[in-house]
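The data block below is target_34.txt; it holds compact mmCIF, C-alpha atoms.
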```txt
# COMPACT_ATOMS: atom_id res chain seq x y z
CA MET A 120 49.57 -90.24 17.98
CA ALA A 121 48.31 -92.83 15.50
CA ASN A 122 46.31 -91.88 12.45
CA PRO A 123 42.61 -91.83 13.32
CA LEU A 124 40.81 -94.95 12.22
CA PRO A 125 38.20 -94.29 9.53
CA ARG A 126 35.01 -95.45 11.16
CA THR A 127 31.54 -96.49 10.27
CA ASP A 128 28.70 -97.51 12.53
CA ALA A 129 29.62 -101.11 11.76
CA ALA A 130 33.17 -100.80 13.09
CA PRO A 131 33.30 -103.39 15.84
CA ASP A 132 34.31 -102.48 19.36
CA ALA A 133 37.41 -104.63 18.97
CA ALA A 134 38.67 -102.41 16.14
CA LEU A 135 38.07 -99.29 18.22
CA ILE A 136 39.83 -100.83 21.21
CA ALA A 137 42.81 -101.72 19.02
CA ALA A 138 42.86 -98.18 17.64
CA TRP A 139 42.75 -96.72 21.17
CA ARG A 140 45.64 -98.96 22.17
CA ASP A 141 47.55 -97.37 19.31
CA GLY A 142 46.75 -93.93 20.69
CA ASP A 143 43.68 -92.97 18.66
CA GLU A 144 41.68 -90.66 20.95
CA GLN A 145 38.80 -90.53 18.49
CA ALA A 146 38.37 -94.27 18.95
CA ALA A 147 38.01 -93.72 22.69
CA ALA A 148 35.42 -91.00 22.08
CA GLU A 149 33.52 -93.34 19.75
CA LEU A 150 33.43 -96.06 22.41
CA VAL A 151 32.13 -93.55 24.96
CA GLY A 152 29.42 -92.51 22.50
CA ARG A 153 28.33 -96.11 22.03
CA HIS A 154 28.24 -97.25 25.61
CA ALA A 155 27.74 -94.20 27.83
CA ARG A 156 23.94 -94.35 28.03
CA PRO A 157 23.63 -98.08 28.83
CA LEU A 158 26.36 -97.56 31.42
CA ALA A 159 24.48 -94.59 32.91
CA ARG A 160 21.31 -96.70 33.13
CA PHE A 161 23.21 -99.50 34.82
CA LEU A 162 24.83 -97.15 37.34
CA ALA A 163 21.59 -95.35 38.12
CA GLY A 164 19.80 -98.68 38.45
CA ALA A 165 22.50 -99.93 40.80
CA GLY A 166 21.96 -96.95 43.10
CA ALA A 167 24.14 -94.11 41.80
CA PRO A 168 22.68 -90.73 42.76
CA ASP A 169 21.44 -88.98 39.62
CA ALA A 170 23.67 -85.99 40.27
CA ASP A 171 26.77 -88.21 40.19
CA VAL A 172 25.95 -90.40 37.22
CA ASP A 173 27.92 -88.26 34.75
CA ASP A 174 31.05 -88.31 36.94
CA LEU A 175 30.74 -92.03 37.54
CA VAL A 176 30.36 -92.70 33.81
CA GLN A 177 33.51 -90.70 33.12
CA GLU A 178 35.42 -92.46 35.89
CA THR A 179 34.33 -95.85 34.57
CA PHE A 180 35.56 -95.07 31.06
CA ILE A 181 38.85 -93.66 32.36
CA ARG A 182 39.43 -96.80 34.40
CA ALA A 183 38.47 -99.04 31.49
CA PHE A 184 40.72 -97.28 28.98
CA ARG A 185 43.64 -97.38 31.38
CA SER A 186 43.28 -101.09 31.97
CA VAL A 187 42.19 -102.04 28.48
CA ASP A 188 45.20 -104.36 28.17
CA ARG A 189 43.46 -106.60 30.69
CA PHE A 190 40.40 -106.94 28.47
CA ARG A 191 40.91 -110.21 26.60
CA GLY A 192 37.57 -110.47 24.86
CA GLN A 193 36.17 -112.95 27.37
CA CYS A 194 32.87 -111.06 27.08
CA GLN A 195 31.55 -108.07 25.18
CA PHE A 196 33.30 -104.77 25.82
CA ARG A 197 30.06 -103.29 27.15
CA THR A 198 29.61 -106.11 29.66
CA TRP A 199 33.20 -105.66 30.83
CA LEU A 200 32.58 -101.93 31.10
CA LEU A 201 29.46 -102.48 33.22
CA THR A 202 31.38 -104.64 35.67
CA ILE A 203 34.01 -101.89 35.98
CA GLY A 204 31.13 -99.49 36.57
CA GLY A 205 30.03 -101.71 39.43
CA ASN A 206 33.51 -101.39 41.00
CA VAL A 207 33.56 -97.64 40.48
CA LEU A 208 30.17 -97.36 42.16
CA LYS A 209 31.34 -99.48 45.07
CA ASP A 210 34.38 -97.21 45.57
CA PHE A 211 32.13 -94.17 45.31
CA GLY A 212 29.87 -95.62 48.01
CA ARG A 213 32.86 -96.16 50.31
CA ARG A 214 34.09 -92.60 49.83
CA ALA A 215 30.59 -91.24 50.42
CA ALA A 216 30.26 -93.31 53.58
CA ARG A 217 33.58 -91.96 54.88
CA ARG A 218 32.49 -88.39 54.15
CA LYS A 219 29.01 -89.18 55.50
CA VAL A 220 27.47 -87.49 52.51
CA VAL A 221 23.78 -88.10 52.07
CA PRO A 222 23.10 -88.25 48.31
CA LEU A 223 20.63 -85.71 47.15
CA ASP A 224 17.64 -87.33 45.54
CA ASP A 225 15.89 -84.32 44.13
CA VAL A 226 15.22 -85.90 40.76
CA VAL A 227 12.90 -83.99 38.51
CA ARG A 228 10.58 -86.60 37.05
CA ASP A 229 9.21 -86.62 33.54
CA ALA A 230 5.70 -85.22 33.87
CA THR A 231 4.35 -86.35 30.52
CA GLY A 232 1.61 -89.03 30.17
CA ASP A 233 -1.24 -89.99 32.44
CA PRO A 234 -0.37 -88.54 35.88
CA GLN A 235 -1.93 -91.42 37.82
CA GLU A 236 -0.34 -94.11 35.68
CA HIS A 237 2.96 -92.26 35.84
CA ALA A 238 2.71 -91.97 39.61
CA GLU A 239 2.08 -95.71 39.95
CA ALA A 240 4.97 -96.56 37.63
CA SER A 241 7.26 -94.17 39.46
CA GLU A 242 6.27 -95.63 42.78
CA ALA A 243 7.00 -99.15 41.54
CA GLU A 244 10.31 -98.02 40.11
CA GLU A 245 11.27 -96.38 43.36
CA LEU A 246 10.33 -99.53 45.25
CA LEU A 247 12.40 -101.58 42.84
CA ALA A 248 15.36 -99.20 43.16
CA ALA A 249 15.07 -99.36 46.95
CA GLY A 250 14.81 -103.15 46.79
CA LEU A 251 17.90 -103.40 44.61
CA LYS A 252 19.91 -101.46 47.18
CA ARG A 253 19.01 -104.10 49.76
CA LEU A 254 20.31 -106.97 47.63
CA PRO A 255 23.86 -108.32 47.89
CA ARG A 256 26.04 -106.70 45.24
CA LEU A 257 26.40 -109.82 43.11
CA GLN A 258 22.64 -110.45 43.03
CA ARG A 259 22.00 -106.80 42.19
CA GLU A 260 24.49 -106.77 39.33
CA VAL A 261 23.33 -110.08 37.91
CA PHE A 262 19.72 -108.87 38.05
CA LEU A 263 20.54 -105.61 36.26
CA LEU A 264 22.74 -107.28 33.66
CA ARG A 265 19.98 -109.76 32.92
CA ALA A 266 16.75 -107.80 33.33
CA GLN A 267 17.88 -104.29 32.47
CA GLN A 268 20.64 -104.95 29.94
CA GLY A 269 19.15 -108.14 28.50
CA LEU A 270 22.36 -110.19 28.65
CA ALA A 271 22.53 -113.98 28.47
CA TYR A 272 23.64 -115.93 31.53
CA GLU A 273 26.76 -117.10 29.69
CA GLU A 274 27.78 -113.49 29.03
CA ILE A 275 27.08 -112.46 32.61
CA ALA A 276 29.04 -115.42 33.92
CA ALA A 277 32.04 -114.58 31.72
CA ALA A 278 32.06 -110.98 32.94
CA LEU A 279 31.68 -111.83 36.61
CA ALA A 280 34.04 -114.82 36.53
CA THR A 281 31.37 -117.26 37.61
CA THR A 282 29.35 -120.03 35.94
CA PRO A 283 26.10 -119.58 33.99
CA GLY A 284 24.38 -121.82 36.53
CA ALA A 285 25.55 -119.65 39.43
CA ALA A 286 24.45 -116.51 37.57
CA ARG A 287 21.02 -118.07 37.05
CA VAL A 288 20.75 -118.86 40.76
CA HIS A 289 21.74 -115.29 41.73
CA TYR A 290 19.14 -113.95 39.34
CA HIS A 291 16.35 -116.09 40.73
CA HIS A 292 17.24 -115.18 44.30
CA ALA A 293 17.18 -111.51 43.31
CA VAL A 294 13.81 -111.84 41.59
CA LYS A 295 12.33 -113.64 44.56
CA ARG A 296 13.44 -110.97 47.02
CA LEU A 297 12.45 -108.09 44.74
CA LYS A 298 8.98 -109.55 44.26
CA GLU A 299 8.54 -109.57 48.01
CA ILE A 300 9.57 -105.92 48.18
CA VAL A 301 7.68 -104.63 45.12
CA LYS A 302 4.19 -106.04 45.59
CA MET B 78 3.92 -109.05 40.45
CA ASN B 79 5.07 -111.37 37.68
CA ASN B 80 8.55 -111.67 36.16
CA GLU B 81 7.58 -109.79 33.02
CA ARG B 82 6.40 -106.74 34.94
CA LEU B 83 9.50 -106.82 37.10
CA GLU B 84 11.74 -106.95 34.05
CA ASN B 85 9.84 -104.11 32.41
CA LEU B 86 10.34 -102.03 35.50
CA ALA B 87 14.03 -102.92 35.53
CA LYS B 88 14.38 -101.83 31.89
CA ARG B 89 13.00 -98.41 32.81
CA LEU B 90 15.33 -98.01 35.79
CA GLY B 91 17.89 -95.30 35.19
CA SER B 92 16.47 -94.33 31.82
CA GLU B 93 15.93 -90.74 32.92
CA ALA B 94 19.49 -90.37 34.16
CA ALA B 95 20.72 -91.88 30.92
CA ALA B 96 18.56 -89.53 28.84
CA ARG B 97 19.94 -86.50 30.69
CA LEU B 98 23.53 -87.54 30.00
CA ASP B 99 25.27 -85.33 27.43
CA VAL B 100 27.15 -88.09 25.65
CA ASP B 101 29.28 -85.82 23.47
CA ALA B 102 30.35 -83.73 26.44
CA THR B 103 31.12 -86.88 28.42
CA ALA B 104 33.25 -88.23 25.57
CA ARG B 105 35.13 -84.92 25.35
CA LYS B 106 35.79 -84.88 29.10
CA VAL B 107 36.98 -88.49 29.07
CA VAL B 108 39.41 -87.82 26.24
CA GLU B 109 40.68 -84.67 27.97
CA ARG B 110 41.24 -86.52 31.22
CA LEU B 111 43.04 -89.34 29.43
CA ARG B 112 45.26 -86.74 27.75
CA GLU B 113 45.99 -84.96 31.03
CA GLN B 114 46.73 -88.16 32.92
CA PRO B 115 48.35 -90.55 30.45
CA VAL B 116 48.64 -94.20 31.28
CA HIS B 117 51.85 -94.89 33.16
CA ARG B 118 52.45 -98.35 31.77
CA ILE B 119 56.10 -98.43 32.83
CA ALA B 120 55.19 -97.46 36.38
CA TRP B 121 52.55 -100.17 36.38
CA VAL B 122 55.06 -102.75 35.15
CA GLN B 123 57.55 -101.64 37.82
CA GLN B 124 54.86 -101.93 40.44
CA GLY B 125 54.12 -105.42 39.16
CA TRP B 126 57.75 -106.48 39.46
CA LEU B 127 57.97 -104.97 42.91
CA ARG B 128 54.96 -107.01 43.99
CA ILE B 129 56.46 -110.19 42.52
CA ALA B 130 59.79 -109.49 44.27
CA ALA B 131 58.01 -108.85 47.57
CA ALA B 132 56.06 -112.09 47.21
CA LEU B 133 59.29 -114.00 46.51
CA VAL B 134 60.98 -112.52 49.57
CA ILE B 135 58.02 -113.53 51.72
CA VAL B 136 57.93 -117.07 50.30
CA VAL B 137 61.69 -117.67 50.54
CA GLY B 138 61.92 -116.03 53.98
CA GLY B 139 59.01 -118.10 55.21
CA ALA B 140 60.63 -121.27 53.91
CA VAL B 141 63.93 -120.46 55.63
CA VAL B 142 62.23 -119.64 58.93
CA THR B 143 60.09 -122.79 58.71
CA SER B 144 63.08 -125.00 57.96
CA ARG B 145 64.98 -123.54 60.94
CA LEU B 146 62.08 -123.91 63.31
CA THR B 147 61.24 -127.45 62.20
CA PRO B 148 63.31 -130.03 64.15
CA VAL B 149 65.42 -132.34 61.97
CA ARG B 150 64.16 -135.91 62.22
CA ARG B 151 66.86 -138.48 62.90
CA THR B 152 65.77 -142.06 62.48
CA GLY B 153 69.03 -143.65 63.53
CA VAL B 154 70.40 -144.65 60.15
CA SER B 155 70.19 -142.22 57.32
CA THR B 156 69.07 -143.67 54.02
CA HIS B 157 71.43 -141.49 52.03
CA PRO B 158 74.73 -143.36 51.35
CA ALA B 159 76.86 -140.29 51.99
CA HIS B 160 75.27 -139.75 55.42
CA PHE B 161 75.57 -143.46 56.10
CA VAL B 162 79.27 -143.35 55.49
CA ALA B 163 79.87 -140.08 57.25
CA ASP B 164 77.81 -140.73 60.39
CA ASP B 165 78.36 -144.39 61.08
CA LEU B 166 81.68 -145.20 59.55
CA SER B 167 83.40 -145.99 62.79
CA ASP B 168 80.55 -148.28 63.95
CA LEU B 169 80.72 -150.61 60.93
CA SER B 170 82.34 -153.98 60.92
CA ALA B 171 84.63 -155.06 58.13
CA ASP B 172 81.82 -157.05 56.45
CA GLU B 173 79.45 -154.11 56.57
CA LEU B 174 82.05 -151.83 55.12
CA ARG B 175 82.59 -154.33 52.30
CA ASP B 176 78.85 -154.28 51.57
CA VAL B 177 78.92 -150.52 51.36
CA LEU B 178 81.95 -150.54 49.18
CA GLY B 179 80.39 -153.09 46.91
CA SER B 180 78.12 -150.38 45.62
CA PHE B 181 81.18 -148.28 44.84
CA ASP B 182 82.98 -150.98 42.88
CA GLN B 183 82.65 -149.11 39.68
CA LEU B 184 84.06 -145.96 41.18
CA ILE B 185 86.88 -147.74 42.87
CA SER B 186 87.98 -149.26 39.61
CA THR B 187 88.72 -145.74 38.31
CA ASP B 188 92.04 -144.03 38.83
CA SER B 189 90.58 -141.29 41.00
CA VAL B 190 90.37 -143.45 44.10
CA ALA B 191 93.48 -144.09 46.15
CA VAL B 192 93.68 -147.78 47.01
CA PRO B 193 96.27 -148.73 49.64
CA GLU B 194 99.45 -150.01 48.16
CA GLY B 195 99.73 -153.75 47.71
CA SER B 196 95.96 -154.30 47.68
CA THR B 197 94.32 -155.79 44.61
CA ASP B 198 91.03 -156.94 46.04
CA LEU B 199 88.66 -155.26 48.54
CA HIS B 200 88.20 -158.54 50.36
CA GLU B 201 91.86 -158.49 51.26
CA LEU B 202 91.54 -155.15 53.06
CA ASP B 203 91.09 -154.94 56.81
CA ALA B 204 88.66 -152.55 58.52
CA GLN B 205 91.22 -149.78 58.86
CA GLN B 206 92.17 -149.93 55.18
CA LEU B 207 88.52 -149.94 54.15
CA ARG B 208 87.91 -146.85 56.29
CA ALA B 209 90.81 -145.16 54.54
CA VAL B 210 89.24 -145.97 51.16
CA LEU B 211 85.86 -144.62 52.29
CA ARG B 212 87.41 -141.42 53.60
CA ALA B 213 89.15 -141.00 50.29
CA LEU B 214 85.78 -141.40 48.54
CA GLU B 215 84.28 -138.73 50.80
CA GLY B 216 86.85 -136.33 49.45
```
Using the file provided, produce a representation of the structure as structure tokens.
Amino acid sequence: MANPLPRTDAAPDAALIAAWRDGDEQAAAELVGRHARPLARFLAGAGAPDADVDDLVQETFIRAFRSVDRFRGQCQFRTWLLTIGGNVLKDFGRRAARRKVVPLDDVVRDATGDPQEHAEASEAEELLAAGLKRLPRLQREVFLLRAQQGLAYEEIAAALATTPGAARVHYHHAVKRLKEIVK
Amino acid sequence: MNNERLENLAKRLGSEAAARLDVDATARKVVERLREQPVHRIAWVQQGWLRIAAALVIVVGGAVVTSRLTPVRRTGVSTHPAHFVADDLSDLSADELRDVLGSFDQLISTDSVAVPEGSTDLHELDAQQLRAVLRALEG
């Protein structure tokens, strides 16, 4: 195994990826630490059952690290990771459909804050989550990458192998449909 | 609902699941799994070559089958000089054979072509002698 790379918070992802390619496991752990929570948010937003988010995050990182040679810096590592997460979630959905498993949705909600306000926000979030599940996959992912992750259209387009204009169109279609659902 | 509210809602989506994630434990598990199941790069490369080989077999096989199934078009006179000579040699008159041979003048002047004895000029050859020259050129 290669000597661990001395790291600081400023060490760019590219340096960590290069270190992982050389066999530095600590570099892989550092990348997980940086990107696991945004990935978990993306997966949960895209419809992953809460109980499976941890497993799906792990699976996404495993798949990313194994195919890291295919990452050519066309977009940020995190964006690339999120698109892999989308594929992992799709495969998970297929397996679940074959097993006819109904995901448990017994999420324990945060009970802090004004109960009425919280209830309204939760209701809207649930409507939005339900609306996202009804969107085509590309629209859903573009919406989440843009609205949830705050990415630019150029970045989204590079990750999804499309054009910024097409990404913008997908986003606007998604917004239009979601507005109809979440009134 | 306006865009801003929708985006705010989207930002909150999944935040609870993300907050519950034990990042350190996840990182440990990922590293352990990577250690237990190392990347089989060689196997991947072999798989890649196998796929390329399979694609080549399909393409070449398809081309062979297509060429066999496609009828050969014959338009009477082939445009290729070799076919011209081979297919229609016996139908040519002496003048036509001379025209053909005119394009081979350079070749004929070399030692590799057997010219009938006693002949110094192509115009002096009769049809039979010209055929003999052409057959010699065909090898």
Quick one: everything within 10 Å of Glu178 in chain A, counting all atoms listed in the file, minus sequence neighbours fewer than 3 positions away in the same chain. Send it as a PDB file with C-alpha atoms, keeping the file's coordinate frame.
```pdb
ATOM      1  CA  VAL A 172      25.950 -90.400  37.220  1.00  0.00           C
ATOM      2  CA  ASP A 173      27.920 -88.260  34.750  1.00  0.00           C
ATOM      3  CA  ASP A 174      31.050 -88.310  36.940  1.00  0.00           C
ATOM      4  CA  LEU A 175      30.740 -92.030  37.540  1.00  0.00           C
ATOM      5  CA  ILE A 181      38.850 -93.660  32.360  1.00  0.00           C
ATOM      6  CA  ARG A 182      39.430 -96.800  34.400  1.00  0.00           C
ATOM      7  CA  ALA A 183      38.470 -99.040  31.490  1.00  0.00           C
ATOM      8  CA  PHE A 184      40.720 -97.280  28.980  1.00  0.00           C
ATOM      9  CA  ILE A 203      34.010-101.890  35.980  1.00  0.00           C
ATOM     10  CA  GLY A 204      31.130 -99.490  36.570  1.00  0.00           C
ATOM     11  CA  VAL A 207      33.560 -97.640  40.480  1.00  0.00           C
ATOM     12  CA  LEU A 208      30.170 -97.360  42.160  1.00  0.00           C
TER      13      LEU A 208
ATOM     14  CA  VAL B 107      36.980 -88.490  29.070  1.00  0.00           C
ATOM     15  CA  ARG B 110      41.240 -86.520  31.220  1.00  0.00           C
TER      16      ARG B 110
END
```
Test item: chain B residues at most 8 Å from chain A, counting all atoms listed in the file, as a CSV table (one decimal) with C-alpha atoms, in the coordinates of the input:
```
chain,number,residue,atom,x,y,z
B,78,MET,CA,3.9,-109.0,40.4
B,79,ASN,CA,5.1,-111.4,37.7
B,80,ASN,CA,8.6,-111.7,36.2
B,83,LEU,CA,9.5,-106.8,37.1
B,84,GLU,CA,11.7,-107.0,34.0
B,85,ASN,CA,9.8,-104.1,32.4
B,86,LEU,CA,10.3,-102.0,35.5
B,87,ALA,CA,14.0,-102.9,35.5
B,88,LYS,CA,14.4,-101.8,31.9
B,89,ARG,CA,13.0,-98.4,32.8
B,90,LEU,CA,15.3,-98.0,35.8
B,91,GLY,CA,17.9,-95.3,35.2
B,92,SER,CA,16.5,-94.3,31.8
B,93,GLU,CA,15.9,-90.7,32.9
B,94,ALA,CA,19.5,-90.4,34.2
B,95,ALA,CA,20.7,-91.9,30.9
B,96,ALA,CA,18.6,-89.5,28.8
B,98,LEU,CA,23.5,-87.5,30.0
B,100,VAL,CA,27.2,-88.1,25.6
B,101,ASP,CA,29.3,-85.8,23.5
B,103,THR,CA,31.1,-86.9,28.4
B,104,ALA,CA,33.2,-88.2,25.6
B,105,ARG,CA,35.1,-84.9,25.4
B,106,LYS,CA,35.8,-84.9,29.1
B,107,VAL,CA,37.0,-88.5,29.1
B,108,VAL,CA,39.4,-87.8,26.2
B,110,ARG,CA,41.2,-86.5,31.2
B,111,LEU,CA,43.0,-89.3,29.4
B,116,VAL,CA,48.6,-94.2,31.3
```
task = Could you check how far CA of Ala271 in chain A sits from CA of Ala285 in chain A, in Å to one decimal?
result =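 Between CA of Ala271 in chain A and CA of Ala285 in chain A the gap works out to 12.7 Å.
Relative to CA of Asp141 in chain A, CA of Gln114 in chain B is found at 16.5 Å.
As for CA of Ala278 in chain A and CA of Thr202 in chain A, they are spaced 6.9 Å apart.
Taking all atoms listed in the file, the non-local environment of range 190-197 of chain A within 7 Å (same-chain residues fewer than 2 positions away omitted) comprises A:Asp132, A:His154, A:Val187, A:Asp188, A:Trp199, A:Leu200, A:Leu201, A:Glu274, A:Ala277, A:Ala278.
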With C-alpha atoms retained, write the just-selected residues as a PDB file, keeping the file's coordinate frame.
```pdb
ATOM      1  CA  ASP A 132      34.310-102.480  19.360  1.00  0.00           C
ATOM      2  CA  HIS A 154      28.240 -97.250  25.610  1.00  0.00           C
ATOM      3  CA  VAL A 187      42.190-102.040  28.480  1.00  0.00           C
ATOM      4  CA  ASP A 188      45.200-104.360  28.170  1.00  0.00           C
ATOM      5  CA  TRP A 199      33.200-105.660  30.830  1.00  0.00           C
ATOM      6  CA  LEU A 200      32.580-101.930  31.100  1.00  0.00           C
ATOM      7  CA  LEU A 201      29.460-102.480  33.220  1.00  0.00           C
ATOM      8  CA  GLU A 274      27.780-113.490  29.030  1.00  0.00           C
ATOM      9  CA  ALA A 277      32.040-114.580  31.720  1.00  0.00           C
ATOM     10  CA  ALA A 278      32.060-110.980  32.940  1.00  0.00           C
TER      11      ALA A 278
END
```
